file query15.cif (mmCIF, C-alpha atoms)
data_my_file
loop_
_atom_site.group_PDB
_atom_site.id
_atom_site.type_symbol
_atom_site.label_atom_id
_atom_site.label_comp_id
_atom_site.auth_asym_id
_atom_site.auth_seq_id
_atom_site.Cartn_x
_atom_site.Cartn_y
_atom_site.Cartn_z
ATOM 1 C CA MET C 1 0.000 0.000 0.000
ATOM 2 C CA VAL C 2 2.731 2.459 0.941
ATOM 3 C CA PHE C 3 4.644 1.793 -2.281
ATOM 4 C CA PHE C 4 1.545 2.550 -4.360
ATOM 5 C CA GLN C 5 1.009 5.752 -2.415
ATOM 6 C CA CYS C 6 4.614 6.831 -3.115
ATOM 7 C CA THR C 7 4.139 6.076 -6.806
ATOM 8 C CA LEU C 8 0.833 7.967 -7.027
ATOM 9 C CA VAL C 9 2.358 11.058 -5.395
ATOM 10 C CA GLY C 10 4.782 11.252 -8.322
ATOM 11 C CA TYR C 11 1.818 11.911 -10.634
ATOM 12 C CA LEU C 12 0.551 15.035 -8.868
ATOM 13 C CA PRO C 13 -0.190 17.933 -11.243
ATOM 14 C CA LEU C 14 2.763 20.033 -10.009
ATOM 15 C CA PRO C 15 5.805 18.161 -11.378
ATOM 16 C CA PHE C 16 8.476 19.880 -9.251
ATOM 17 C CA VAL C 17 6.569 19.357 -5.990
ATOM 18 C CA ALA C 18 5.523 15.853 -7.017
ATOM 19 C CA LYS C 19 9.114 14.761 -7.697
ATOM 20 C CA LYS C 20 10.444 16.163 -4.422
ATOM 21 C CA LEU C 21 7.590 14.731 -2.350
ATOM 22 C CA SER C 22 7.840 11.373 -4.088
ATOM 23 C CA PHE C 23 11.607 11.283 -3.470
ATOM 24 C CA ALA C 24 11.065 12.093 0.232
ATOM 25 C CA MET C 25 8.440 9.377 0.529
ATOM 26 C CA VAL C 26 10.676 6.830 -1.217
ATOM 27 C CA SER C 27 13.485 7.727 1.223
ATOM 28 C CA LEU C 28 11.140 7.079 4.136
ATOM 29 C CA LEU C 29 9.880 3.909 2.486
ATOM 30 C CA TYR C 30 13.398 2.511 2.024
ATOM 31 C CA ALA C 31 14.136 3.223 5.675
ATOM 32 C CA LEU C 32 10.877 1.510 6.644
ATOM 33 C CA TYR C 33 11.841 -1.505 4.519
ATOM 34 C CA ALA C 34 15.233 -1.710 6.209
ATOM 35 C CA PHE C 35 13.943 -1.351 9.768
ATOM 36 C CA GLU C 36 10.980 -3.631 9.161
ATOM 37 C CA TYR C 37 13.101 -6.750 9.679
ATOM 38 C CA LYS C 38 14.245 -5.502 13.070
ATOM 39 C CA TRP C 39 10.818 -4.301 14.132
ATOM 40 C CA MET C 40 9.072 -7.485 13.031
ATOM 41 C CA ASN C 41 11.384 -9.444 15.331
ATOM 42 C CA GLN C 42 10.492 -7.048 18.131
ATOM 43 C CA GLY C 43 6.774 -7.651 17.525
ATOM 44 C CA TYR C 44 5.717 -4.169 16.352
ATOM 45 C CA SER C 45 2.492 -4.006 14.345
ATOM 46 C CA ILE C 46 2.370 -2.237 10.980
ATOM 47 C CA ASN C 47 0.617 0.766 12.514
ATOM 48 C CA VAL C 48 3.347 1.145 15.140
ATOM 49 C CA ARG C 49 6.082 0.819 12.509
ATOM 50 C CA LEU C 50 4.520 3.463 10.266
ATOM 51 C CA ALA C 51 3.927 5.753 13.260
ATOM 52 C CA LYS C 52 7.604 5.456 14.238
ATOM 53 C CA VAL C 53 8.672 6.514 10.755
ATOM 54 C CA GLU C 54 6.175 9.400 10.675
ATOM 55 C CA ASN C 55 7.064 10.653 14.168
ATOM 56 C CA GLN C 56 10.835 10.428 13.688
ATOM 57 C CA TRP C 57 10.881 11.302 9.997
ATOM 58 C CA PRO C 58 14.137 13.355 9.884
ATOM 59 C CA TYR C 59 16.131 10.362 11.147
ATOM 60 C CA PHE C 60 14.474 7.893 8.785
ATOM 61 C CA MET C 61 14.608 10.232 5.798
ATOM 62 C CA GLY C 62 18.341 10.602 6.358
ATOM 63 C CA PHE C 63 18.650 6.836 6.695
ATOM 64 C CA GLY C 64 16.838 6.084 3.431
ATOM 65 C CA LEU C 65 18.156 9.061 1.468
ATOM 66 C CA PRO C 66 21.433 7.535 0.171
ATOM 67 C CA LEU C 67 19.694 4.454 -1.218
ATOM 68 C CA ALA C 68 16.876 6.525 -2.728
ATOM 69 C CA TYR C 69 19.400 8.864 -4.353
ATOM 70 C CA LEU C 70 21.577 6.091 -5.759
ATOM 71 C CA THR C 71 18.608 4.175 -7.159
ATOM 72 C CA SER C 72 17.232 7.263 -8.905
ATOM 73 C CA LEU C 73 20.405 8.339 -10.724
ATOM 74 C CA SER C 74 20.167 6.358 -13.944
ATOM 75 C CA GLY C 75 16.454 6.590 -14.678
ATOM 76 C CA ASN C 76 16.590 3.034 -16.019
ATOM 77 C CA TYR C 77 14.262 0.691 -14.159
ATOM 78 C CA PHE C 78 16.565 -2.336 -14.460
ATOM 79 C CA ILE C 79 19.745 -0.528 -13.427
ATOM 80 C CA ASP C 80 17.983 1.125 -10.490
ATOM 81 C CA GLY C 81 16.480 -2.213 -9.468
ATOM 82 C CA SER C 82 19.881 -3.900 -9.671
ATOM 83 C CA LEU C 83 21.462 -1.200 -7.515
ATOM 84 C CA PHE C 84 18.660 -1.603 -4.996
ATOM 85 C CA ALA C 85 19.155 -5.380 -4.926
ATOM 86 C CA VAL C 86 22.881 -4.989 -4.286
ATOM 87 C CA LEU C 87 22.729 -2.157 -1.734
ATOM 88 C CA PHE C 88 19.542 -2.971 0.192
ATOM 89 C CA PRO C 89 21.054 -5.809 2.266
ATOM 90 C CA LEU C 90 23.595 -3.294 3.576
ATOM 91 C CA THR C 91 20.776 -1.058 4.805
ATOM 92 C CA ILE C 92 19.172 -4.012 6.591
ATOM 93 C CA ILE C 93 22.442 -4.685 8.413
ATOM 94 C CA SER C 94 22.772 -0.981 9.230
ATOM 95 C CA ALA C 95 19.208 -0.872 10.542
ATOM 96 C CA HIS C 96 19.874 -3.790 12.887
ATOM 97 C CA GLN C 97 22.878 -1.978 14.325
ATOM 98 C CA ALA C 98 21.258 1.481 14.448
ATOM 99 C CA GLN C 99 20.025 3.111 17.622
ATOM 100 C CA THR C 100 16.854 5.049 16.791
ATOM 101 C CA LEU C 101 15.807 8.128 18.689
ATOM 102 C CA GLN C 102 13.456 7.621 21.596
ATOM 103 C CA GLN C 103 11.824 11.041 21.240
ATOM 104 C CA ASN C 104 9.476 12.176 18.527
ATOM 105 C CA PHE C 105 10.137 15.123 16.254
ATOM 106 C CA VAL C 106 8.346 18.426 16.912
ATOM 107 C CA PHE C 107 5.826 17.877 14.121
ATOM 108 C CA PRO C 108 5.187 14.417 12.699
ATOM 109 C CA LEU C 109 4.563 13.868 9.009
ATOM 110 C CA ARG C 110 1.343 12.027 8.316
ATOM 111 C CA LEU C 111 2.353 10.838 4.864
ATOM 112 C CA PHE C 112 1.281 7.235 5.265
ATOM 113 C CA GLY C 113 -2.135 7.942 6.781
ATOM 114 C CA LEU C 114 -3.991 6.906 3.633
ATOM 115 C CA SER C 115 -2.136 3.592 3.538
ATOM 116 C CA MET C 116 -2.855 2.971 7.214
ATOM 117 C CA VAL C 117 -6.582 3.652 6.776
ATOM 118 C CA LEU C 118 -6.824 1.413 3.713
ATOM 119 C CA SER C 119 -4.840 -1.392 5.366
ATOM 120 C CA ASN C 120 -6.971 -1.248 8.496
ATOM 121 C CA HIS C 121 -10.140 -1.282 6.436
ATOM 122 C CA LEU C 122 -9.032 -4.141 4.186
ATOM 123 C CA PHE C 123 -7.709 -6.372 6.948
ATOM 124 C CA GLN C 124 -10.245 -5.468 9.627
ATOM 125 C CA GLY C 125 -12.100 -8.762 9.315
ATOM 126 C CA HIS C 126 -9.041 -10.998 9.289
ATOM 127 C CA GLU C 127 -10.530 -13.210 12.022
ATOM 128 C CA PHE C 128 -13.233 -14.240 9.545
ATOM 129 C CA ILE C 129 -10.581 -15.013 6.921
ATOM 130 C CA ILE C 130 -8.684 -17.167 9.440
ATOM 131 C CA LYS C 131 -11.867 -19.062 10.349
ATOM 132 C CA VAL C 132 -12.656 -19.675 6.669
ATOM 133 C CA GLY C 133 -9.074 -20.821 6.094
ATOM 134 C CA LYS C 134 -9.260 -23.260 9.019
ATOM 135 C CA PHE C 135 -12.570 -24.591 7.735
ATOM 136 C CA ILE C 136 -11.189 -25.117 4.231
ATOM 137 C CA PHE C 137 -8.074 -26.794 5.640
ATOM 138 C CA SER C 138 -10.144 -29.149 7.806
ATOM 139 C CA LEU C 139 -12.386 -29.913 4.827
ATOM 140 C CA ILE C 140 -9.383 -30.752 2.633
ATOM 141 C CA LEU C 141 -7.895 -32.849 5.425
ATOM 142 C CA SER C 142 -11.127 -34.814 5.880
ATOM 143 C CA ILE C 143 -11.430 -35.369 2.116
ATOM 144 C CA ALA C 144 -7.822 -36.579 1.981
ATOM 145 C CA THR C 145 -8.401 -38.913 4.932
ATOM 146 C CA THR C 146 -11.590 -40.311 3.400
ATOM 147 C CA THR C 147 -9.900 -40.767 0.028
ATOM 148 C CA THR C 148 -6.983 -42.560 1.654
ATOM 149 C CA PHE C 149 -9.389 -44.852 3.532
ATOM 150 C CA ILE C 150 -11.318 -45.665 0.341
ATOM 151 C CA VAL C 151 -8.152 -46.303 -1.672
ATOM 152 C CA LYS C 152 -6.707 -48.569 1.045
ATOM 153 C CA ASN C 153 -9.906 -50.616 1.272
ATOM 154 C CA THR C 154 -10.328 -50.816 -2.502
ATOM 155 C CA VAL C 155 -6.736 -51.765 -3.177
ATOM 156 C CA GLY C 156 -6.826 -54.163 -0.227
ATOM 157 C CA ARG C 157 -9.778 -56.006 -1.768
ATOM 158 C CA PHE C 158 -8.019 -56.423 -5.088
ATOM 159 C CA LEU C 159 -4.817 -57.672 -3.482
ATOM 160 C CA THR C 160 -6.519 -60.350 -1.396
#
call {"tool": "encode", "arguments": {"input": "query15.cif", "output": "structure tokens"}}
result
Amino acid sequence: MVFFQCTLVGYLPLPFVAKKLSFAMVSLLYALYAFEYKWMNQGYSINVRLAKVENQWPYFMGFGLPLAYLTSLSGNYFIDGSLFAVLFPLTIISAHQAQTLQQNFVFPLRLFGLSMVLSNHLFQGHEFIIKVGKFIFSLILSIATTTTFIVKNTVGRFLT
């Protein structure tokens, strides 16, 4: 969701503002990607992770800025993607070693609010999805068990 939001911002009617805002959002997004591995291990939910990036945005923008800059130099999708693939693991390692600030910035940026609202709305009923998944799994398991029983008894009759 956040990636799509960053992409859509690049198509705003004011090209100069759109490019700068999109670049800032991509910098924050790359920092979020890098810290996500660390924060997932610490048990932070997606809303907490996005809030951390929005509340401490100067730190995270500075963290993601080098990768965003390097992957935007060529303008070629494949070259930029290759640079990202080579350099991104280094940002993950850096994020695991980094000590983030414990205090929030004076004014937080609410850039990912739309993504948070859409994610919450889409995945609000995930308990229902889990129940349906468990039901389908138990149904498949019972069909497989019944099929195995039938095949064993049928093959057993022919062998005796």
call {"tool": "closest_residue", "arguments": {"input": "query15.cif", "among": "C:Leu50, C:Ile79, C:Gln56, C:Trp39", "to": "Met116 of chain C", "atoms": "only C-alpha atoms"}}
result
C:Leu50
call {"tool": "closest_residue", "arguments": {"input": "query15.cif", "among": "C:Ile46, C:Ile143, C:Ala31, C:Val117", "to": "Gly64 of chain C", "atoms": "only C-alpha atoms"}}
result
C:Ala31
call {"tool": "closest_residue", "arguments": {"input": "query15.cif", "among": "C:Leu111, C:Ala98, C:Ile92, C:Leu67", "to": "Asp80 of chain C", "atoms": "all atoms listed in the file"}}
result
C:Leu67
call {"tool": "closest_residue", "arguments": {"input": "query15.cif", "among": "C:Trp57, C:Tyr30, C:Phe88, C:Phe78", "to": "Phe107 of chain C", "atoms": "all atoms listed in the file"}}
result
C:Trp57
call {"tool": "closest_residue", "arguments": {"input": "query15.cif", "among": "C:Ile93, C:Leu101, C:Met40, C:Ala24", "to": "Tyr69 of chain C", "atoms": "all atoms listed in the file"}}
result
C:Ala24
call {"tool": "axis_aligned_box", "arguments": {"input": "query15.cif", "around": "segment 48-67 of chain C", "padding_each_side": "4 Å", "output": "JSON"}}
result
{"center_x": 12.4, "center_y": 7.1, "center_z": 7.0, "size_x": 26.1, "size_y": 20.5, "size_z": 24.4}
call {"tool": "residues_around", "arguments": {"input": "query15.cif", "residues": "Ser72 of chain C", "least_positions_apart": "6", "cutoff": "12 Å", "atoms": "only C-alpha atoms", "output": "ChimeraX atom specification"}}
result
/C:19,22-23,26-27,65-66,78-84
call {"tool": "resolve_selection", "arguments": {"input": "query15.cif", "expression": "the PyMOL selection byres ((chain C and resi 99) around 12)", "output": "VMD selection string"}}
result
chain C and resid 35 38 59 to 60 63 94 to 98 100 to 103
call {"tool": "atom_distance", "arguments": {"input": "query15.cif", "atom1": "atom CA of Ala51 of chain C", "atom2": "atom CA of Arg110 of chain C"}}
result
8.4 Å
call {"tool": "closest_residue", "arguments": {"input": "query15.cif", "among": "C:Ala34, C:Asn47, C:Gly113, C:Gly62", "to": "Leu87 of chain C", "atoms": "all atoms listed in the file"}}
result
C:Ala34
call {"tool": "atom_distance", "arguments": {"input": "query15.cif", "atom1": "atom CA of Val48 of chain C", "atom2": "atom CA of Pro89 of chain C"}}
result
23.0 Å
call {"tool": "atom_distance", "arguments": {"input": "query15.cif", "atom1": "atom CA of Val106 of chain C", "atom2": "atom CA of Leu14 of chain C"}}
result
27.5 Å
